[in-house]
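Structure file data11.pdb; described as PDB, N, CA, C and O atoms.
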ATOM      1  N   MET B   1     -23.615   7.716  63.555
ATOM      2  CA  MET B   1     -23.929   8.739  64.525
ATOM      3  C   MET B   1     -22.642   9.442  64.917
ATOM      4  O   MET B   1     -21.642   8.797  65.224
ATOM      5  N   PRO B   2     -22.639  10.776  64.907
ATOM      6  CA  PRO B   2     -21.422  11.499  65.258
ATOM      7  C   PRO B   2     -21.135  11.411  66.753
ATOM      8  O   PRO B   2     -22.028  11.214  67.574
ATOM      9  N   SER B   3     -19.865  11.591  67.073
ATOM     10  CA  SER B   3     -19.473  11.590  68.480
ATOM     11  C   SER B   3     -19.869  12.926  69.120
ATOM     12  O   SER B   3     -20.259  13.866  68.442
ATOM     13  N   GLY B   4     -19.732  13.012  70.430
ATOM     14  CA  GLY B   4     -20.123  14.211  71.160
ATOM     15  C   GLY B   4     -19.379  15.472  70.742
ATOM     16  O   GLY B   4     -20.012  16.490  70.451
ATOM     17  N   PRO B   5     -18.028  15.439  70.702
ATOM     18  CA  PRO B   5     -17.302  16.644  70.296
ATOM     19  C   PRO B   5     -17.570  17.051  68.848
ATOM     20  O   PRO B   5     -17.633  18.243  68.540
ATOM     21  N   GLU B   6     -17.753  16.064  67.979
ATOM     22  CA  GLU B   6     -18.047  16.375  66.581
ATOM     23  C   GLU B   6     -19.391  17.083  66.456
ATOM     24  O   GLU B   6     -19.510  18.091  65.746
ATOM     25  N   LEU B   7     -20.391  16.593  67.162
ATOM     26  CA  LEU B   7     -21.714  17.207  67.143
ATOM     27  C   LEU B   7     -21.679  18.604  67.754
ATOM     28  O   LEU B   7     -22.303  19.537  67.228
ATOM     29  N   CYS B   8     -20.916  18.778  68.812
ATOM     30  CA  CYS B   8     -20.791  20.086  69.457
ATOM     31  C   CYS B   8     -20.156  21.108  68.514
ATOM     32  O   CYS B   8     -20.634  22.230  68.401
ATOM     33  N   CYS B   9     -19.097  20.713  67.823
ATOM     34  CA  CYS B   9     -18.443  21.618  66.871
ATOM     35  C   CYS B   9     -19.373  21.969  65.713
ATOM     36  O   CYS B   9     -19.413  23.125  65.270
ATOM     37  N   GLU B  10     -20.123  20.995  65.226
ATOM     38  CA  GLU B  10     -21.062  21.276  64.137
ATOM     39  C   GLU B  10     -22.176  22.213  64.587
ATOM     40  O   GLU B  10     -22.598  23.085  63.824
ATOM     41  N   LEU B  11     -22.638  22.070  65.810
ATOM     42  CA  LEU B  11     -23.681  22.972  66.310
ATOM     43  C   LEU B  11     -23.158  24.391  66.506
ATOM     44  O   LEU B  11     -23.863  25.365  66.229
ATOM     45  N   ILE B  12     -21.936  24.526  66.981
ATOM     46  CA  ILE B  12     -21.342  25.864  67.121
ATOM     47  C   ILE B  12     -21.184  26.512  65.755
ATOM     48  O   ILE B  12     -21.492  27.696  65.570
ATOM     49  N   LEU B  13     -20.722  25.739  64.771
ATOM     50  CA  LEU B  13     -20.618  26.276  63.417
ATOM     51  C   LEU B  13     -21.995  26.615  62.847
ATOM     52  O   LEU B  13     -22.128  27.590  62.097
ATOM     53  N   ALA B  14     -23.005  25.825  63.187
ATOM     54  CA  ALA B  14     -24.356  26.100  62.695
ATOM     55  C   ALA B  14     -24.898  27.404  63.259
ATOM     56  O   ALA B  14     -25.693  28.070  62.605
ATOM     57  N   ILE B  15     -24.464  27.783  64.444
ATOM     58  CA  ILE B  15     -24.913  29.049  65.016
ATOM     59  C   ILE B  15     -24.129  30.216  64.420
ATOM     60  O   ILE B  15     -24.697  31.260  64.104
ATOM     61  N   LEU B  16     -22.839  30.041  64.239
ATOM     62  CA  LEU B  16     -22.016  31.130  63.698
ATOM     63  C   LEU B  16     -22.197  31.299  62.186
ATOM     64  O   LEU B  16     -22.438  32.402  61.708
ATOM     65  N   LEU B  17     -22.054  30.219  61.447
ATOM     66  CA  LEU B  17     -22.213  30.222  59.989
ATOM     67  C   LEU B  17     -23.034  28.989  59.605
ATOM     68  O   LEU B  17     -22.467  27.911  59.391
ATOM     69  N   PRO B  18     -24.345  29.132  59.513
ATOM     70  CA  PRO B  18     -25.206  27.964  59.309
ATOM     71  C   PRO B  18     -24.839  27.077  58.110
ATOM     72  O   PRO B  18     -24.790  25.861  58.261
ATOM     73  N   PRO B  19     -24.554  27.629  56.925
ATOM     74  CA  PRO B  19     -24.229  26.731  55.811
ATOM     75  C   PRO B  19     -22.945  25.928  56.032
ATOM     76  O   PRO B  19     -22.833  24.801  55.541
ATOM     77  N   LEU B  20     -22.009  26.461  56.776
ATOM     78  CA  LEU B  20     -20.760  25.749  57.004
ATOM     79  C   LEU B  20     -20.969  24.508  57.877
ATOM     80  O   LEU B  20     -20.407  23.449  57.607
ATOM     81  N   GLY B  21     -21.805  24.615  58.893
ATOM     82  CA  GLY B  21     -22.113  23.458  59.718
ATOM     83  C   GLY B  21     -22.809  22.367  58.933
ATOM     84  O   GLY B  21     -22.515  21.182  59.084
ATOM     85  N   VAL B  22     -23.733  22.756  58.054
ATOM     86  CA  VAL B  22     -24.436  21.781  57.218
ATOM     87  C   VAL B  22     -23.484  21.187  56.184
ATOM     88  O   VAL B  22     -23.551  20.007  55.870
ATOM     89  N   CYS B  23     -22.568  21.987  55.682
ATOM     90  CA  CYS B  23     -21.591  21.509  54.702
ATOM     91  C   CYS B  23     -20.699  20.430  55.304
ATOM     92  O   CYS B  23     -20.411  19.424  54.649
ATOM     93  N   PHE B  24     -20.274  20.612  56.536
ATOM     94  CA  PHE B  24     -19.442  19.596  57.182
ATOM     95  C   PHE B  24     -20.198  18.294  57.385
ATOM     96  O   PHE B  24     -19.614  17.225  57.351
ATOM     97  N   ARG B  25     -21.503  18.383  57.601
ATOM     98  CA  ARG B  25     -22.286  17.177  57.865
ATOM     99  C   ARG B  25     -22.732  16.486  56.568
ATOM    100  O   ARG B  25     -22.652  15.282  56.437
ATOM    101  N   HIS B  26     -23.215  17.256  55.579
ATOM    102  CA  HIS B  26     -23.847  16.658  54.403
ATOM    103  C   HIS B  26     -23.104  16.905  53.099
ATOM    104  O   HIS B  26     -23.488  16.345  52.079
ATOM    105  N   GLY B  27     -22.093  17.756  53.079
ATOM    106  CA  GLY B  27     -21.375  18.053  51.847
ATOM    107  C   GLY B  27     -21.881  19.329  51.201
ATOM    108  O   GLY B  27     -22.981  19.805  51.483
ATOM    109  N   CYS B  28     -21.069  19.880  50.306
ATOM    110  CA  CYS B  28     -21.379  21.187  49.717
ATOM    111  C   CYS B  28     -22.383  21.133  48.569
ATOM    112  O   CYS B  28     -22.921  22.159  48.194
ATOM    113  N   CYS B  29     -22.613  19.994  47.988
ATOM    114  CA  CYS B  29     -23.539  19.895  46.855
ATOM    115  C   CYS B  29     -24.826  19.184  47.227
ATOM    116  O   CYS B  29     -25.540  18.702  46.358
ATOM    117  N   SER B  30     -25.142  19.119  48.501
ATOM    118  CA  SER B  30     -26.358  18.429  48.924
ATOM    119  C   SER B  30     -27.537  19.398  48.931
ATOM    120  O   SER B  30     -27.376  20.620  48.966
ATOM    121  N   VAL B  31     -28.726  18.839  48.919
ATOM    122  CA  VAL B  31     -29.946  19.640  48.967
ATOM    123  C   VAL B  31     -30.042  20.377  50.299
ATOM    124  O   VAL B  31     -30.458  21.538  50.344
ATOM    125  N   GLU B  32     -29.612  19.719  51.375
ATOM    126  CA  GLU B  32     -29.672  20.352  52.684
ATOM    127  C   GLU B  32     -28.814  21.611  52.736
ATOM    128  O   GLU B  32     -29.211  22.631  53.300
ATOM    129  N   PHE B  33     -27.620  21.535  52.133
ATOM    130  CA  PHE B  33     -26.729  22.691  52.115
ATOM    131  C   PHE B  33     -27.336  23.836  51.312
ATOM    132  O   PHE B  33     -27.302  24.996  51.736
ATOM    133  N   LEU B  34     -27.907  23.523  50.147
ATOM    134  CA  LEU B  34     -28.472  24.581  49.307
ATOM    135  C   LEU B  34     -29.688  25.232  49.968
ATOM    136  O   LEU B  34     -29.856  26.452  49.888
ATOM    137  N   ILE B  35     -30.516  24.445  50.641
ATOM    138  CA  ILE B  35     -31.661  25.022  51.362
ATOM    139  C   ILE B  35     -31.174  25.911  52.498
ATOM    140  O   ILE B  35     -31.697  27.014  52.707
ATOM    141  N   CYS B  36     -30.160  25.461  53.216
ATOM    142  CA  CYS B  36     -29.622  26.262  54.320
ATOM    143  C   CYS B  36     -29.001  27.562  53.802
ATOM    144  O   CYS B  36     -29.157  28.614  54.417
ATOM    145  N   LEU B  37     -28.311  27.479  52.685
ATOM    146  CA  LEU B  37     -27.717  28.675  52.088
ATOM    147  C   LEU B  37     -28.793  29.672  51.689
ATOM    148  O   LEU B  37     -28.686  30.879  51.969
ATOM    149  N   LEU B  38     -29.860  29.188  51.075
ATOM    150  CA  LEU B  38     -30.962  30.059  50.675
ATOM    151  C   LEU B  38     -31.648  30.683  51.891
ATOM    152  O   LEU B  38     -31.921  31.890  51.909
ATOM    153  N   LEU B  39     -31.901  29.873  52.911
ATOM    154  CA  LEU B  39     -32.539  30.415  54.113
ATOM    155  C   LEU B  39     -31.648  31.423  54.835
ATOM    156  O   LEU B  39     -32.141  32.391  55.413
ATOM    157  N   THR B  40     -30.337  31.201  54.808
ATOM    158  CA  THR B  40     -29.424  32.153  55.446
ATOM    159  C   THR B  40     -29.395  33.465  54.686
ATOM    160  O   THR B  40     -29.303  34.537  55.298
ATOM    161  N   PHE B  41     -29.481  33.411  53.364
ATOM    162  CA  PHE B  41     -29.544  34.653  52.584
ATOM    163  C   PHE B  41     -30.845  35.407  52.838
ATOM    164  O   PHE B  41     -30.857  36.633  52.888
ATOM    165  N   LEU B  42     -31.939  34.660  52.997
ATOM    166  CA  LEU B  42     -33.226  35.305  53.236
ATOM    167  C   LEU B  42     -33.348  35.843  54.657
ATOM    168  O   LEU B  42     -34.049  36.831  54.886
ATOM    169  N   GLY B  43     -32.711  35.182  55.597
ATOM    170  CA  GLY B  43     -32.739  35.631  56.985
ATOM    171  C   GLY B  43     -31.809  34.765  57.803
ATOM    172  O   GLY B  43     -31.787  33.548  57.651
ATOM    173  N   TYR B  44     -31.042  35.374  58.668
ATOM    174  CA  TYR B  44     -30.023  34.641  59.421
ATOM    175  C   TYR B  44     -30.639  33.628  60.386
ATOM    176  O   TYR B  44     -30.171  32.489  60.493
ATOM    177  N   VAL B  45     -31.711  34.016  61.068
ATOM    178  CA  VAL B  45     -32.328  33.139  62.070
ATOM    179  C   VAL B  45     -32.961  31.900  61.427
ATOM    180  O   VAL B  45     -32.781  30.792  61.941
ATOM    181  N   PRO B  46     -33.694  32.007  60.307
ATOM    182  CA  PRO B  46     -34.197  30.782  59.679
ATOM    183  C   PRO B  46     -33.075  29.841  59.234
ATOM    184  O   PRO B  46     -33.228  28.617  59.311
ATOM    185  N   GLY B  47     -31.953  30.389  58.812
ATOM    186  CA  GLY B  47     -30.804  29.562  58.448
ATOM    187  C   GLY B  47     -30.252  28.807  59.643
ATOM    188  O   GLY B  47     -29.890  27.631  59.542
ATOM    189  N   ILE B  48     -30.188  29.456  60.788
ATOM    190  CA  ILE B  48     -29.707  28.806  62.010
ATOM    191  C   ILE B  48     -30.667  27.697  62.440
ATOM    192  O   ILE B  48     -30.240  26.581  62.763
ATOM    193  N   ILE B  49     -31.952  27.983  62.416
ATOM    194  CA  ILE B  49     -32.939  26.977  62.830
ATOM    195  C   ILE B  49     -32.870  25.757  61.920
ATOM    196  O   ILE B  49     -32.855  24.612  62.393
ATOM    197  N   TYR B  50     -32.811  25.977  60.618
ATOM    198  CA  TYR B  50     -32.756  24.852  59.691
ATOM    199  C   TYR B  50     -31.441  24.082  59.837
ATOM    200  O   TYR B  50     -31.436  22.857  59.793
ATOM    201  N   ALA B  51     -30.333  24.782  60.030
ATOM    202  CA  ALA B  51     -29.039  24.109  60.178
ATOM    203  C   ALA B  51     -29.017  23.224  61.419
ATOM    204  O   ALA B  51     -28.541  22.084  61.368
ATOM    205  N   ILE B  52     -29.543  23.712  62.524
ATOM    206  CA  ILE B  52     -29.578  22.903  63.743
ATOM    207  C   ILE B  52     -30.486  21.691  63.542
ATOM    208  O   ILE B  52     -30.151  20.581  63.948
ATOM    209  N   TYR B  53     -31.616  21.890  62.880
ATOM    210  CA  TYR B  53     -32.514  20.768  62.600
ATOM    211  C   TYR B  53     -31.823  19.718  61.735
ATOM    212  O   TYR B  53     -31.906  18.517  62.018
ATOM    213  N   VAL B  54     -31.137  20.142  60.684
ATOM    214  CA  VAL B  54     -30.490  19.204  59.769
ATOM    215  C   VAL B  54     -29.356  18.463  60.473
ATOM    216  O   VAL B  54     -29.181  17.261  60.282
ATOM    217  N   ILE B  55     -28.607  19.143  61.296
ATOM    218  CA  ILE B  55     -27.479  18.499  61.975
ATOM    219  C   ILE B  55     -27.967  17.496  63.017
ATOM    220  O   ILE B  55     -27.436  16.401  63.132
ATOM    221  N   VAL B  56     -29.014  17.839  63.748
ATOM    222  CA  VAL B  56     -29.464  16.970  64.830
ATOM    223  C   VAL B  56     -30.402  15.866  64.338
ATOM    224  O   VAL B  56     -30.268  14.717  64.739
ATOM    225  N   ALA B  57     -31.327  16.179  63.434
ATOM    226  CA  ALA B  57     -32.402  15.240  63.118
ATOM    227  C   ALA B  57     -32.197  14.430  61.841
ATOM    228  O   ALA B  57     -32.671  13.308  61.769
ATOM    229  N   VAL B  58     -31.544  14.974  60.835
ATOM    230  CA  VAL B  58     -31.440  14.286  59.548
ATOM    231  C   VAL B  58     -30.235  13.363  59.569
ATOM    232  O   VAL B  58     -29.113  13.787  59.866
ATOM    233  N   ASN B  59     -30.466  12.098  59.237
ATOM    234  CA  ASN B  59     -29.410  11.092  59.241
ATOM    235  C   ASN B  59     -28.596  11.198  57.957
ATOM    236  O   ASN B  59     -29.148  11.262  56.871
ATOM    237  N   ARG B  60     -27.284  11.196  58.086
ATOM    238  CA  ARG B  60     -26.437  11.350  56.905
ATOM    239  C   ARG B  60     -26.282  10.039  56.135
ATOM    240  O   ARG B  60     -26.013  10.043  54.962
ATOM    241  N   GLU B  61     -26.445   8.909  56.781
ATOM    242  CA  GLU B  61     -26.339   7.621  56.113
ATOM    243  C   GLU B  61     -27.708   6.966  56.047
ATOM    244  O   GLU B  61     -28.271   6.597  57.065
ATOM    245  N   PRO B  62     -28.267   6.805  54.839
ATOM    246  CA  PRO B  62     -29.587   6.196  54.763
ATOM    247  C   PRO B  62     -29.577   4.702  55.096
ATOM    248  O   PRO B  62     -30.592   4.146  55.468
ATOM    249  N   TYR B  63     -28.423   4.042  54.955
ATOM    250  CA  TYR B  63     -28.306   2.618  55.243
ATOM    251  C   TYR B  63     -27.202   2.400  56.267
ATOM    252  O   TYR B  63     -26.040   2.259  55.908
ATOM    253  N   PRO B  64     -27.534   2.375  57.556
ATOM    254  CA  PRO B  64     -26.482   2.218  58.570
ATOM    255  C   PRO B  64     -25.817   0.849  58.533
ATOM    256  O   PRO B  64     -24.674   0.712  58.912
ATOM    257  N   ASP B  65     -26.546  -0.185  58.089
ATOM    258  CA  ASP B  65     -25.977  -1.525  57.990
ATOM    259  C   ASP B  65     -25.680  -1.857  56.541
ATOM    260  O   ASP B  65     -26.347  -1.362  55.636
ATOM    261  N   ASP B  66     -24.696  -2.682  56.330
ATOM    262  CA  ASP B  66     -24.445  -3.161  54.972
ATOM    263  C   ASP B  66     -25.509  -4.154  54.535
ATOM    264  O   ASP B  66     -25.679  -4.413  53.351
ATOM    265  N   TYR B  67     -26.244  -4.713  55.490
ATOM    266  CA  TYR B  67     -27.260  -5.704  55.177
ATOM    267  C   TYR B  67     -28.384  -5.111  54.336
ATOM    268  O   TYR B  67     -28.893  -5.745  53.420
ATOM    269  N   TRP B  68     -28.791  -3.878  54.638
ATOM    270  CA  TRP B  68     -29.908  -3.268  53.941
ATOM    271  C   TRP B  68     -29.490  -2.400  52.760
ATOM    272  O   TRP B  68     -30.337  -1.851  52.077
ATOM    273  N   ARG B  69     -28.212  -2.269  52.510
ATOM    274  CA  ARG B  69     -27.729  -1.455  51.401
ATOM    275  C   ARG B  69     -28.090  -2.139  50.079
ATOM    276  O   ARG B  69     -27.912  -3.337  49.920
ATOM    277  N   PRO B  70     -28.625  -1.390  49.085
ATOM    278  CA  PRO B  70     -28.973  -2.017  47.806
ATOM    279  C   PRO B  70     -27.718  -2.510  47.074
ATOM    280  O   PRO B  70     -26.641  -1.938  47.195
ATOM    281  N   ILE B  71     -27.904  -3.556  46.299
ATOM    282  CA  ILE B  71     -26.800  -4.124  45.528
ATOM    283  C   ILE B  71     -26.642  -3.323  44.245
ATOM    284  O   ILE B  71     -27.583  -3.166  43.486
ATOM    285  N   ASN B  72     -25.448  -2.801  44.011
ATOM    286  CA  ASN B  72     -25.164  -2.060  42.785
ATOM    287  C   ASN B  72     -24.583  -3.018  41.754
ATOM    288  O   ASN B  72     -23.609  -3.698  42.016
ATOM    289  N   ALA B  73     -25.185  -3.034  40.598
ATOM    290  CA  ALA B  73     -24.727  -3.953  39.553
ATOM    291  C   ALA B  73     -23.542  -3.431  38.810
ATOM    292  O   ALA B  73     -23.150  -2.360  38.790
TER     293      ALA B  73
END
Let me see whether you can do it: turn the structure in this file into structure tokens.
Amino acid sequence: MPSGPELCCELILAILLPPLGVCFRHGCCSVEFLICLLLTFLGYVPGIIYAIYVIVAVNREPYPDDYWRPINA
């Protein structure tokens, strides 16, 4: 879970440049980034809405504990 200032900076970036805020959270080659980029090209407001949703609601780590992480052979 991100800290308060980190989340605040990502939300400000999501309002100014939606793909950049998503890129900082999920990386530049993620599905979330590509969807946000497409939505921003189609319309600025849908890009902002999706970026805020991805930053606030989507968890960046699918396995928060090492206990549930799958074993890689």
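For the choices B:Ala51, B:Ile12, B:Leu17, B:Val56, the atom-to-atom distance to Glu32 (chain B) is smallest for B:Ala51 when using only N, CA, C and O atoms.
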Exercise. Run the PyMOL selection byres (((chain B and resi 47 and name CA) around 9) and name CA) against the file shown and list the residues it catches, as a PyMOL selection string.
Key: chain B and resi 14-15+17-19+35-46+48-52
Given the selection you just returned, output its residues as a file containing N, CA, C and O atoms, formatted as a PDB file, in the frame of the given file.
ATOM      1  N   ALA B  14     -23.005  25.825  63.187  1.00  0.00           N
ATOM      2  CA  ALA B  14     -24.356  26.100  62.695  1.00  0.00           C
ATOM      3  C   ALA B  14     -24.898  27.404  63.259  1.00  0.00           C
ATOM      4  O   ALA B  14     -25.693  28.070  62.605  1.00  0.00           O
ATOM      5  N   ILE B  15     -24.464  27.783  64.444  1.00  0.00           N
ATOM      6  CA  ILE B  15     -24.913  29.049  65.016  1.00  0.00           C
ATOM      7  C   ILE B  15     -24.129  30.216  64.420  1.00  0.00           C
ATOM      8  O   ILE B  15     -24.697  31.260  64.104  1.00  0.00           O
ATOM      9  N   LEU B  17     -22.054  30.219  61.447  1.00  0.00           N
ATOM     10  CA  LEU B  17     -22.213  30.222  59.989  1.00  0.00           C
ATOM     11  C   LEU B  17     -23.034  28.989  59.605  1.00  0.00           C
ATOM     12  O   LEU B  17     -22.467  27.911  59.391  1.00  0.00           O
ATOM     13  N   PRO B  18     -24.345  29.132  59.513  1.00  0.00           N
ATOM     14  CA  PRO B  18     -25.206  27.964  59.309  1.00  0.00           C
ATOM     15  C   PRO B  18     -24.839  27.077  58.110  1.00  0.00           C
ATOM     16  O   PRO B  18     -24.790  25.861  58.261  1.00  0.00           O
ATOM     17  N   PRO B  19     -24.554  27.629  56.925  1.00  0.00           N
ATOM     18  CA  PRO B  19     -24.229  26.731  55.811  1.00  0.00           C
ATOM     19  C   PRO B  19     -22.945  25.928  56.032  1.00  0.00           C
ATOM     20  O   PRO B  19     -22.833  24.801  55.541  1.00  0.00           O
ATOM     21  N   ILE B  35     -30.516  24.445  50.641  1.00  0.00           N
ATOM     22  CA  ILE B  35     -31.661  25.022  51.362  1.00  0.00           C
ATOM     23  C   ILE B  35     -31.174  25.911  52.498  1.00  0.00           C
ATOM     24  O   ILE B  35     -31.697  27.014  52.707  1.00  0.00           O
ATOM     25  N   CYS B  36     -30.160  25.461  53.216  1.00  0.00           N
ATOM     26  CA  CYS B  36     -29.622  26.262  54.320  1.00  0.00           C
ATOM     27  C   CYS B  36     -29.001  27.562  53.802  1.00  0.00           C
ATOM     28  O   CYS B  36     -29.157  28.614  54.417  1.00  0.00           O
ATOM     29  N   LEU B  37     -28.311  27.479  52.685  1.00  0.00           N
ATOM     30  CA  LEU B  37     -27.717  28.675  52.088  1.00  0.00           C
ATOM     31  C   LEU B  37     -28.793  29.672  51.689  1.00  0.00           C
ATOM     32  O   LEU B  37     -28.686  30.879  51.969  1.00  0.00           O
ATOM     33  N   LEU B  38     -29.860  29.188  51.075  1.00  0.00           N
ATOM     34  CA  LEU B  38     -30.962  30.059  50.675  1.00  0.00           C
ATOM     35  C   LEU B  38     -31.648  30.683  51.891  1.00  0.00           C
ATOM     36  O   LEU B  38     -31.921  31.890  51.909  1.00  0.00           O
ATOM     37  N   LEU B  39     -31.901  29.873  52.911  1.00  0.00           N
ATOM     38  CA  LEU B  39     -32.539  30.415  54.113  1.00  0.00           C
ATOM     39  C   LEU B  39     -31.648  31.423  54.835  1.00  0.00           C
ATOM     40  O   LEU B  39     -32.141  32.391  55.413  1.00  0.00           O
ATOM     41  N   THR B  40     -30.337  31.201  54.808  1.00  0.00           N
ATOM     42  CA  THR B  40     -29.424  32.153  55.446  1.00  0.00           C
ATOM     43  C   THR B  40     -29.395  33.465  54.686  1.00  0.00           C
ATOM     44  O   THR B  40     -29.303  34.537  55.298  1.00  0.00           O
ATOM     45  N   PHE B  41     -29.481  33.411  53.364  1.00  0.00           N
ATOM     46  CA  PHE B  41     -29.544  34.653  52.584  1.00  0.00           C
ATOM     47  C   PHE B  41     -30.845  35.407  52.838  1.00  0.00           C
ATOM     48  O   PHE B  41     -30.857  36.633  52.888  1.00  0.00           O
ATOM     49  N   LEU B  42     -31.939  34.660  52.997  1.00  0.00           N
ATOM     50  CA  LEU B  42     -33.226  35.305  53.236  1.00  0.00           C
ATOM     51  C   LEU B  42     -33.348  35.843  54.657  1.00  0.00           C
ATOM     52  O   LEU B  42     -34.049  36.831  54.886  1.00  0.00           O
ATOM     53  N   GLY B  43     -32.711  35.182  55.597  1.00  0.00           N
ATOM     54  CA  GLY B  43     -32.739  35.631  56.985  1.00  0.00           C
ATOM     55  C   GLY B  43     -31.809  34.765  57.803  1.00  0.00           C
ATOM     56  O   GLY B  43     -31.787  33.548  57.651  1.00  0.00           O
ATOM     57  N   TYR B  44     -31.042  35.374  58.668  1.00  0.00           N
ATOM     58  CA  TYR B  44     -30.023  34.641  59.421  1.00  0.00           C
ATOM     59  C   TYR B  44     -30.639  33.628  60.386  1.00  0.00           C
ATOM     60  O   TYR B  44     -30.171  32.489  60.493  1.00  0.00           O
ATOM     61  N   VAL B  45     -31.711  34.016  61.068  1.00  0.00           N
ATOM     62  CA  VAL B  45     -32.328  33.139  62.070  1.00  0.00           C
ATOM     63  C   VAL B  45     -32.961  31.900  61.427  1.00  0.00           C
ATOM     64  O   VAL B  45     -32.781  30.792  61.941  1.00  0.00           O
ATOM     65  N   PRO B  46     -33.694  32.007  60.307  1.00  0.00           N
ATOM     66  CA  PRO B  46     -34.197  30.782  59.679  1.00  0.00           C
ATOM     67  C   PRO B  46     -33.075  29.841  59.234  1.00  0.00           C
ATOM     68  O   PRO B  46     -33.228  28.617  59.311  1.00  0.00           O
ATOM     69  N   ILE B  48     -30.188  29.456  60.788  1.00  0.00           N
ATOM     70  CA  ILE B  48     -29.707  28.806  62.010  1.00  0.00           C
ATOM     71  C   ILE B  48     -30.667  27.697  62.440  1.00  0.00           C
ATOM     72  O   ILE B  48     -30.240  26.581  62.763  1.00  0.00           O
ATOM     73  N   ILE B  49     -31.952  27.983  62.416  1.00  0.00           N
ATOM     74  CA  ILE B  49     -32.939  26.977  62.830  1.00  0.00           C
ATOM     75  C   ILE B  49     -32.870  25.757  61.920  1.00  0.00           C
ATOM     76  O   ILE B  49     -32.855  24.612  62.393  1.00  0.00           O
ATOM     77  N   TYR B  50     -32.811  25.977  60.618  1.00  0.00           N
ATOM     78  CA  TYR B  50     -32.756  24.852  59.691  1.00  0.00           C
ATOM     79  C   TYR B  50     -31.441  24.082  59.837  1.00  0.00           C
ATOM     80  O   TYR B  50     -31.436  22.857  59.793  1.00  0.00           O
ATOM     81  N   ALA B  51     -30.333  24.782  60.030  1.00  0.00           N
ATOM     82  CA  ALA B  51     -29.039  24.109  60.178  1.00  0.00           C
ATOM     83  C   ALA B  51     -29.017  23.224  61.419  1.00  0.00           C
ATOM     84  O   ALA B  51     -28.541  22.084  61.368  1.00  0.00           O
ATOM     85  N   ILE B  52     -29.543  23.712  62.524  1.00  0.00           N
ATOM     86  CA  ILE B  52     -29.578  22.903  63.743  1.00  0.00           C
ATOM     87  C   ILE B  52     -30.486  21.691  63.542  1.00  0.00           C
ATOM     88  O   ILE B  52     -30.151  20.581  63.948  1.00  0.00           O
TER      89      ILE B  52
END
Quiz item: Which distance in Å separates CA of Gly4 (chain B) and atom O of Leu34 (chain B), to one decimal?
Solution: 26.4 Å
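Counting from CA of Cys29 (chain B), the distance to CA of Leu11 (chain B) is 19.7 Å.
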Practice problem: One decimal, Å: what's the distance from CA of Leu13 (chain B) over to CA of Val31 (chain B), could you say? | Solution: 18.4 Å
Exercise. Please identify which residues in region 2-71 of chain B DSSP calls helix (DSSP H, G or I) from the backbone, and express them as an NGL selection string.
Key: :B and (4-16 or 18-26 or 31-42 or 44-57)
